[in-house]
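Data from data.txt: compact mmCIF, C-alpha atoms
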```
# COMPACT_ATOMS: atom_id res chain seq x y z
CA MET A 1 -1.81 -57.12 -2.21
CA LYS A 2 -4.86 -56.72 0.02
CA LYS A 3 -6.85 -53.51 -0.29
CA LYS A 4 -7.23 -51.52 2.88
CA LYS A 5 -9.07 -48.23 3.40
CA LYS A 6 -10.79 -46.60 0.41
CA LEU A 7 -9.15 -43.19 0.05
CA TYR A 8 -11.07 -41.73 -2.86
CA GLU A 9 -13.88 -42.44 -5.30
CA GLY A 10 -14.43 -40.46 -8.48
CA ARG A 11 -16.44 -40.87 -11.66
CA SER A 12 -14.31 -43.65 -13.11
CA LYS A 13 -12.05 -44.97 -10.34
CA LYS A 14 -11.65 -45.88 -6.69
CA ILE A 15 -8.33 -45.56 -4.85
CA TYR A 16 -7.36 -47.91 -2.02
CA ALA A 17 -4.48 -47.85 0.46
CA LEU A 18 -2.10 -50.81 0.87
CA SER A 19 0.15 -51.88 3.71
CA ASP A 20 3.06 -50.28 1.81
CA SER A 21 2.49 -46.55 2.24
CA ASP A 22 4.22 -45.76 -1.08
CA LEU A 23 1.74 -47.85 -3.10
CA LEU A 24 -1.96 -47.74 -3.95
CA ILE A 25 -4.53 -49.78 -5.84
CA GLN A 26 -6.42 -47.90 -8.53
CA GLU A 27 -9.68 -49.73 -9.28
CA PHE A 28 -11.41 -48.83 -12.54
CA LYS A 29 -15.21 -48.72 -12.50
CA ASP A 30 -17.72 -50.08 -15.02
CA GLU A 31 -19.96 -47.14 -14.22
CA VAL A 32 -20.47 -44.33 -16.76
CA ILE A 33 -21.57 -40.90 -15.54
CA GLY A 34 -22.50 -37.95 -17.77
CA SER A 35 -20.53 -34.70 -17.56
CA GLU A 36 -23.17 -33.14 -15.29
CA GLY A 37 -23.87 -36.36 -13.40
CA SER A 38 -27.28 -36.70 -15.09
CA LYS A 39 -26.69 -39.99 -16.91
CA THR A 40 -25.46 -43.12 -15.18
CA GLN A 41 -25.17 -46.61 -16.58
CA ILE A 42 -23.05 -49.73 -16.24
CA ILE A 43 -21.01 -51.08 -19.14
CA LYS A 44 -19.85 -54.52 -18.06
CA GLY A 45 -16.12 -54.94 -18.69
CA LYS A 46 -15.46 -51.22 -19.24
CA GLY A 47 -13.32 -50.92 -16.10
CA THR A 48 -11.07 -53.82 -17.06
CA ILE A 49 -10.68 -52.59 -20.64
CA ASN A 50 -9.84 -49.03 -19.58
CA LYS A 51 -7.38 -50.35 -17.00
CA ASP A 52 -5.67 -52.57 -19.60
CA ILE A 53 -5.42 -49.68 -22.07
CA SER A 54 -4.02 -47.37 -19.37
CA ALA A 55 -1.46 -49.97 -18.29
CA PHE A 56 -0.42 -50.56 -21.91
CA LEU A 57 -0.02 -46.84 -22.65
CA PHE A 58 1.80 -46.11 -19.39
CA GLU A 59 4.29 -48.88 -20.20
CA TYR A 60 4.65 -47.48 -23.72
CA LEU A 61 5.33 -43.95 -22.45
CA GLU A 62 7.86 -45.26 -19.92
CA GLY A 63 9.78 -46.54 -22.94
CA PHE A 64 10.16 -42.89 -24.00
CA ASN A 65 11.53 -41.90 -20.58
CA ILE A 66 8.25 -40.40 -19.39
CA PRO A 67 7.89 -41.24 -15.67
CA THR A 68 4.45 -42.51 -14.64
CA HIS A 69 2.80 -43.79 -11.48
CA TYR A 70 2.21 -47.21 -13.07
CA ILE A 71 3.83 -50.25 -11.47
CA LYS A 72 1.90 -53.39 -12.37
CA ASN A 73 -1.25 -54.77 -13.98
CA PRO A 74 -2.36 -57.55 -11.59
CA GLY A 75 -5.56 -58.33 -13.50
CA GLY A 76 -9.24 -57.58 -13.09
CA ARG A 77 -10.07 -53.91 -12.74
CA ASP A 78 -7.07 -53.13 -10.52
CA MET A 79 -3.81 -51.33 -11.25
CA LEU A 80 -0.91 -51.13 -8.81
CA ILE A 81 0.44 -47.59 -8.73
CA LYS A 82 2.83 -45.31 -6.86
CA ARG A 83 1.22 -43.09 -4.26
CA LEU A 84 1.46 -39.55 -5.62
CA GLU A 85 0.78 -36.22 -4.03
CA MET A 86 -1.52 -35.08 -6.82
CA ILE A 87 -1.34 -31.59 -8.28
CA PRO A 88 -5.01 -30.43 -8.41
CA VAL A 89 -4.78 -29.37 -12.05
CA GLU A 90 -6.12 -31.16 -15.10
CA VAL A 91 -4.06 -30.71 -18.26
CA VAL A 92 -5.89 -30.87 -21.59
CA ILE A 93 -4.36 -30.99 -25.07
CA HIS A 94 -6.35 -30.22 -28.24
CA ASN A 95 -4.95 -31.31 -31.61
CA ILE A 96 -8.15 -31.00 -33.64
CA ALA A 97 -11.14 -28.76 -32.91
CA ALA A 98 -14.13 -30.74 -31.70
CA GLY A 99 -17.17 -30.49 -29.43
CA GLY A 100 -17.15 -27.76 -26.82
CA PHE A 101 -13.80 -26.45 -28.06
CA CYS A 102 -15.48 -25.50 -31.36
CA GLU A 103 -18.39 -23.83 -29.57
CA ARG A 104 -16.05 -21.88 -27.28
CA TYR A 105 -13.91 -20.44 -30.06
CA GLY A 106 -16.21 -20.53 -33.10
CA LEU A 107 -14.12 -23.10 -34.97
CA GLU A 108 -15.23 -25.61 -37.56
CA GLN A 109 -15.69 -29.16 -36.29
CA GLY A 110 -12.69 -31.28 -37.29
CA LYS A 111 -10.38 -28.33 -38.04
CA GLU A 112 -6.75 -29.37 -37.56
CA LEU A 113 -4.94 -26.87 -35.37
CA ILE A 114 -1.63 -25.43 -36.60
CA SER A 115 -0.14 -26.33 -33.22
CA PRO A 116 -1.57 -28.18 -30.19
CA VAL A 117 -3.47 -26.08 -27.65
CA LEU A 118 -2.65 -26.79 -24.01
CA GLU A 119 -5.16 -25.85 -21.32
CA PHE A 120 -5.15 -26.03 -17.51
CA TYR A 121 -8.26 -26.63 -15.39
CA LEU A 122 -8.53 -26.42 -11.62
CA LYS A 123 -9.68 -29.72 -10.13
CA ASP A 124 -12.71 -28.46 -8.24
CA ASN A 125 -16.03 -30.13 -9.05
CA GLN A 126 -18.01 -27.71 -6.90
CA ARG A 127 -16.85 -24.86 -9.15
CA HIS A 128 -17.15 -26.95 -12.32
CA ASN A 129 -13.37 -27.22 -12.84
CA PRO A 130 -12.71 -23.66 -14.10
CA MET A 131 -10.03 -23.00 -16.70
CA ILE A 132 -6.89 -21.43 -15.26
CA ASN A 133 -3.46 -20.37 -16.54
CA GLN A 134 0.14 -20.44 -15.34
CA THR A 135 -0.28 -17.39 -13.14
CA HIS A 136 -3.23 -18.96 -11.31
CA ILE A 137 -1.20 -22.10 -10.65
CA ILE A 138 1.69 -20.08 -9.21
CA ALA A 139 -0.51 -17.65 -7.24
CA PHE A 140 -2.61 -20.46 -5.74
CA GLN A 141 0.60 -22.36 -4.86
CA LEU A 142 -0.53 -25.44 -6.76
CA ALA A 143 2.91 -25.84 -8.35
CA ALA A 144 6.11 -23.84 -8.82
CA MET A 145 7.01 -22.18 -12.12
CA ASP A 146 9.72 -24.73 -12.91
CA GLU A 147 7.19 -27.51 -12.27
CA VAL A 148 4.64 -25.89 -14.58
CA ARG A 149 7.27 -25.71 -17.31
CA MET A 150 8.18 -29.35 -16.70
CA ILE A 151 4.51 -30.33 -16.99
CA GLU A 152 4.20 -28.40 -20.26
CA ARG A 153 7.31 -30.10 -21.69
CA MET A 154 6.19 -33.56 -20.58
CA THR A 155 2.68 -33.01 -21.94
CA SER A 156 4.05 -31.87 -25.31
CA LYS A 157 6.21 -34.99 -25.50
CA ILE A 158 3.34 -37.28 -24.43
CA ASN A 159 1.15 -35.72 -27.12
CA ALA A 160 3.76 -36.26 -29.83
CA VAL A 161 4.31 -39.88 -28.78
CA LEU A 162 0.59 -40.70 -28.54
CA LYS A 163 -0.34 -38.94 -31.81
CA SER A 164 2.17 -41.09 -33.66
CA PHE A 165 1.09 -44.22 -31.77
CA PHE A 166 -2.60 -43.79 -32.60
CA LEU A 167 -1.98 -42.70 -36.19
CA ARG A 168 -0.24 -46.03 -36.84
CA ARG A 169 -3.48 -47.66 -35.68
CA ASN A 170 -5.55 -45.47 -38.03
CA PHE A 171 -6.84 -43.13 -35.32
CA LYS A 172 -6.55 -39.36 -35.00
CA LEU A 173 -5.87 -38.21 -31.44
CA ILE A 174 -8.32 -35.32 -31.16
CA ASP A 175 -7.71 -34.38 -27.55
CA PHE A 176 -6.93 -35.89 -24.16
CA ARG A 177 -6.67 -34.96 -20.50
CA ILE A 178 -4.04 -36.03 -18.00
CA GLU A 179 -2.95 -35.30 -14.45
CA TYR A 180 0.37 -35.14 -12.64
CA GLY A 181 1.62 -35.57 -9.11
CA HIS A 182 4.78 -35.68 -6.99
CA PHE A 183 6.54 -38.91 -6.10
CA LYS A 184 9.61 -38.38 -3.93
CA ASN A 185 10.00 -34.79 -5.19
CA LYS A 186 9.69 -35.80 -8.84
CA ILE A 187 6.91 -34.82 -11.27
CA VAL A 188 5.19 -38.00 -12.44
CA LEU A 189 2.29 -38.69 -14.84
CA GLY A 190 -0.66 -40.08 -12.89
CA ASP A 191 -4.39 -40.85 -13.17
CA GLU A 192 -5.22 -42.76 -16.39
CA ILE A 193 -4.98 -42.66 -20.18
CA SER A 194 -8.04 -44.49 -21.46
CA LEU A 195 -11.12 -44.24 -23.65
CA ASP A 196 -12.62 -42.08 -20.90
CA THR A 197 -9.83 -39.49 -21.13
CA CYS A 198 -8.89 -39.56 -24.85
CA GLN A 199 -11.01 -38.61 -27.85
CA LEU A 200 -10.11 -40.63 -30.95
CA TRP A 201 -11.50 -40.49 -34.46
CA ASP A 202 -11.25 -43.57 -36.68
CA ILE A 203 -9.71 -42.32 -39.93
CA SER A 204 -11.39 -45.02 -42.02
CA ASN A 205 -15.01 -44.40 -40.97
CA GLU A 206 -14.92 -41.28 -38.74
CA THR A 207 -16.24 -43.22 -35.73
CA LYS A 208 -15.57 -41.10 -32.63
CA THR A 209 -14.82 -41.92 -29.02
CA GLY A 210 -15.35 -39.64 -26.06
CA GLY A 211 -18.52 -37.77 -25.07
CA ASP A 212 -21.56 -39.45 -26.63
CA PHE A 213 -19.53 -42.58 -27.44
CA VAL A 214 -18.76 -43.19 -23.78
CA LEU A 215 -22.42 -42.74 -22.80
CA ALA A 216 -23.77 -44.98 -25.57
CA ALA A 217 -20.97 -47.54 -25.98
CA THR A 218 -21.10 -51.27 -25.28
CA GLU A 219 -18.44 -53.64 -23.98
CA SER A 220 -17.97 -54.84 -27.57
CA ALA A 221 -17.25 -51.30 -28.78
CA TYR A 222 -14.65 -50.81 -26.07
CA GLU A 223 -13.11 -54.22 -26.79
CA LYS A 224 -12.76 -53.55 -30.54
CA ILE A 225 -10.84 -50.33 -29.89
CA LYS A 226 -8.67 -52.08 -27.31
CA GLU A 227 -7.75 -54.71 -29.91
CA ARG A 228 -6.69 -51.95 -32.34
CA ILE A 229 -4.61 -50.25 -29.64
CA PHE A 230 -2.85 -53.50 -28.73
CA GLN A 231 -1.78 -54.20 -32.32
```
Rewrite the structure from the file as structure tokens, please.
Amino acid sequence: MKKKKKLYEGRSKKIYALSDSDLLIQEFKDEVIGSEGSKTQIIKGKGTINKDISAFLFEYLEGFNIPTHYIKNPGGRDMLIKRLEMIPVEVVIHNIAAGGFCERYGLEQGKELISPVLEFYLKDNQRHNPMINQTHIIAFQLAAMDEVRMIERMTSKINAVLKSFFLRRNFKLIDFRIEYGHFKNKIVLGDEISLDTCQLWDISNETKTGGDFVLAATESAYEKIKERIFQ
């Protein structure tokens, strides 16, 4: 499973080609970058922990008939995945008002929403990933209407499964972001589900992940949450 050409590098991952054109290696980085790129640091072990959490949660979701790009966890910071044609849309779910969501809508921090709020964002760093809706996605030919509806249904199911999963581990799932792609004409969950993409609140002591946690965390903090998740 020798890595070939590097195809992509983002804030938290690098993607490498393999000899099998249907497969890729997703390498998780120890690097932490602030939302505006202003803060950068290295948390030793972060990449491996996030990769292990992602692999664990992808396997868990597969058990609920949610198709993902995950194939294998070979160790280290690498994950073997299916090669997707990514849909350039980030999908965000809010279960509890927090952070920028409160500022945007004038809501009280920690307010539980009557129903989850689903948002779409265009994957375009140069334009700061603007929020879009279904009609943008259709008009820009990013996905067809039936695919958008499929993504909404899958995201709703993923949210229900993960909320229950984390609640049993004494965490509230505040919000999370995910991405989808096509694999052989099928919509598949891609990217990652990790402490970099989920915001969790510890019910027992209100410790929060996401945002400032990610920028200030240590390997030990990541490891403790991983142990809770793996229970």
(request) Name the closest residue to Ala98 (chain A) among the candidates A:Leu200, A:Ile25, A:Leu122, A:Ile158; distances are taken between atoms, counting only C-alpha atoms. (result) A:Leu200
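Residues with any atom within 12 Å of Glu85 (chain A), counting all atoms listed in the file and excluding same-chain neighbours fewer than 3 positions away, are Asp22, Leu23, Leu24, His69, Lys82, Pro88, Val89, Leu142, Ala143, Glu179, Tyr180, Gly181, His182, Phe183, Lys184, Asn185, Lys186, Ile187, Val188, Leu189, Gly190 and Asp191 of chain A.
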(message) Given the point (-1.5, -28.9, -30.1) in the coordinates of this file, which residues lie within 8 Å, counting only C-alpha atoms, and how would they look as an MDAnalysis selection string?
(response) chainID A and resid 93:96 113:118 156 159
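Note that CA of Ile132 (chain A) and CA of Ala97 (chain A) are 19.6 Å apart.
When the distance limit is 12 Å and all atoms listed in the file are what count, the residues near Leu162 (chain A), minus those fewer than 4 positions from it on the same chain, are Phe56, Leu57, Phe58, Tyr60, Leu61, Phe64, Ile66, Ile93, Asn95, Thr155, Ser156, Lys157, Ile158, Phe166, Leu167, Arg168, Arg169, Phe171, Lys172, Leu173, Ile174, Asp175, Phe176, Ile193, Ser194, Cys198, Gln199, Leu200 and Ile229 of chain A.
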(request) Would you please work out which residue, of A:Asn129, A:Glu90, A:Gly110, A:Leu18, is nearest to Arg177 (chain A) when using only C-alpha atoms? (result) A:Glu90
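Atom pair CA of Val32 (chain A) / CA of Glu9 (chain A) has a distance of 13.4 Å (rounded to one decimal).
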(request) Check the smallest atom-to-atom distance from each of A:Lys3, A:Ser164, A:Asp78, A:Glu219 to Ile42 (chain A) using all atoms listed in the file, then report the winner. (result) A:Glu219
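Interatomic distance, CA of Lys29 (chain A) against CA of Arg11 (chain A): 8.0 Å.
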Which residues of region 77-138 of chain A have any atom within 12 Å of an atom in region 43-53 of chain A when counting all atoms listed in the file, and what is the closest pair of atoms for each, with the distance in Å to one decimal? Order the rows by chain and rising number and write it as JSON lines.
```
{"residue": "A:Arg77", "atom": "CA", "partner": "A:Thr48", "partner_atom": "CA", "distance": 4.4}
{"residue": "A:Asp78", "atom": "CA", "partner": "A:Lys51", "partner_atom": "CA", "distance": 7.1}
{"residue": "A:Met79", "atom": "CA", "partner": "A:Lys51", "partner_atom": "CA", "distance": 6.8}
{"residue": "A:Leu80", "atom": "CA", "partner": "A:Lys51", "partner_atom": "CA", "distance": 10.5}
{"residue": "A:Ile81", "atom": "CA", "partner": "A:Lys51", "partner_atom": "CA", "distance": 11.7}
```
Just write the chosen residues, C-alpha atoms, as a compact mmCIF listing (two decimals), in the coordinates of the input.
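File produced: result.txt:
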```txt
# COMPACT_ATOMS: atom_id res chain seq x y z
CA ARG A 77 -10.07 -53.91 -12.74
CA ASP A 78 -7.07 -53.13 -10.52
CA MET A 79 -3.81 -51.33 -11.25
CA LEU A 80 -0.91 -51.13 -8.81
CA ILE A 81 0.44 -47.59 -8.73
```
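Excluding Ala55 (chain A) and any residue on its chain fewer than 6 positions from it, the residues at most 8 Å away by all atoms listed in the file are Tyr70, Lys72, Asn73 and Met79 of chain A.
When all atoms listed in the file are used to compute distances to Glu223 (chain A), the closest of the residues A:Leu195, A:Asp146, A:Ile203, A:Met1 turns out to be A:Leu195.
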Mind filling out region 175-203 of chain A with N, CA and C atoms and sending it as a CSV table (one decimal), keeping the file's coordinate frame?
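Result saved to part23.csv:
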```csv
chain,number,residue,atom,x,y,z
A,175,ASP,N,-8.1,-35.1,-28.8
A,175,ASP,CA,-7.7,-34.4,-27.6
A,175,ASP,C,-7.6,-35.4,-26.4
A,176,PHE,N,-7.0,-35.0,-25.3
A,176,PHE,CA,-6.9,-35.9,-24.2
A,176,PHE,C,-6.7,-35.0,-22.9
A,177,ARG,N,-6.9,-35.6,-21.8
A,177,ARG,CA,-6.7,-35.0,-20.5
A,177,ARG,C,-5.9,-35.9,-19.6
A,178,ILE,N,-4.9,-35.3,-18.9
A,178,ILE,CA,-4.0,-36.0,-18.0
A,178,ILE,C,-3.8,-35.2,-16.7
A,179,GLU,N,-3.3,-35.9,-15.7
A,179,GLU,CA,-3.0,-35.3,-14.4
A,179,GLU,C,-1.6,-35.7,-14.0
A,180,TYR,N,-1.0,-34.9,-13.2
A,180,TYR,CA,0.4,-35.1,-12.6
A,180,TYR,C,0.4,-35.1,-11.1
A,181,GLY,N,1.4,-35.6,-10.5
A,181,GLY,CA,1.6,-35.6,-9.1
A,181,GLY,C,3.1,-35.7,-8.8
A,182,HIS,N,3.4,-35.6,-7.5
A,182,HIS,CA,4.8,-35.7,-7.0
A,182,HIS,C,5.0,-37.1,-6.4
A,183,PHE,N,6.1,-37.7,-6.8
A,183,PHE,CA,6.5,-38.9,-6.1
A,183,PHE,C,8.0,-38.7,-5.7
A,184,LYS,N,8.2,-38.6,-4.4
A,184,LYS,CA,9.6,-38.4,-3.9
A,184,LYS,C,10.3,-37.2,-4.6
A,185,ASN,N,9.5,-36.1,-4.7
A,185,ASN,CA,10.0,-34.8,-5.2
A,185,ASN,C,10.2,-34.8,-6.7
A,186,LYS,N,9.6,-35.7,-7.4
A,186,LYS,CA,9.7,-35.8,-8.8
A,186,LYS,C,8.3,-35.7,-9.5
A,187,ILE,N,8.2,-34.9,-10.6
A,187,ILE,CA,6.9,-34.8,-11.3
A,187,ILE,C,6.7,-36.1,-12.1
A,188,VAL,N,5.5,-36.7,-11.8
A,188,VAL,CA,5.2,-38.0,-12.4
A,188,VAL,C,3.8,-37.9,-13.1
A,189,LEU,N,3.6,-38.6,-14.2
A,189,LEU,CA,2.3,-38.7,-14.8
A,189,LEU,C,1.4,-39.7,-14.0
A,190,GLY,N,0.2,-39.2,-13.7
A,190,GLY,CA,-0.7,-40.1,-12.9
A,190,GLY,C,-2.0,-40.3,-13.6
A,191,ASP,N,-3.0,-40.6,-12.7
A,191,ASP,CA,-4.4,-40.8,-13.2
A,191,ASP,C,-4.5,-42.0,-14.2
A,192,GLU,N,-5.0,-41.7,-15.4
A,192,GLU,CA,-5.2,-42.8,-16.4
A,192,GLU,C,-5.1,-42.2,-17.8
A,193,ILE,N,-4.9,-43.0,-18.8
A,193,ILE,CA,-5.0,-42.7,-20.2
A,193,ILE,C,-5.8,-43.8,-20.8
A,194,SER,N,-7.1,-43.5,-21.0
A,194,SER,CA,-8.0,-44.5,-21.5
A,194,SER,C,-9.1,-43.9,-22.4
A,195,LEU,N,-10.1,-44.7,-22.8
A,195,LEU,CA,-11.1,-44.2,-23.6
A,195,LEU,C,-12.0,-43.2,-22.9
A,196,ASP,N,-11.9,-43.1,-21.6
A,196,ASP,CA,-12.6,-42.1,-20.9
A,196,ASP,C,-11.9,-40.7,-20.9
A,197,THR,N,-10.6,-40.7,-21.2
A,197,THR,CA,-9.8,-39.5,-21.1
A,197,THR,C,-9.3,-39.1,-22.5
A,198,CYS,N,-9.4,-39.9,-23.5
A,198,CYS,CA,-8.9,-39.6,-24.8
A,198,CYS,C,-10.1,-39.5,-25.8
A,199,GLN,N,-10.0,-38.6,-26.8
A,199,GLN,CA,-11.0,-38.6,-27.8
A,199,GLN,C,-10.3,-39.0,-29.1
A,200,LEU,N,-10.7,-40.1,-29.7
A,200,LEU,CA,-10.1,-40.6,-31.0
A,200,LEU,C,-11.1,-40.6,-32.1
A,201,TRP,N,-10.7,-40.4,-33.3
A,201,TRP,CA,-11.5,-40.5,-34.5
A,201,TRP,C,-10.9,-41.5,-35.4
A,202,ASP,N,-11.7,-42.5,-35.7
A,202,ASP,CA,-11.2,-43.6,-36.7
A,202,ASP,C,-11.1,-42.9,-38.1
A,203,ILE,N,-9.9,-43.0,-38.6
A,203,ILE,CA,-9.7,-42.3,-39.9
A,203,ILE,C,-10.5,-43.0,-41.0
```
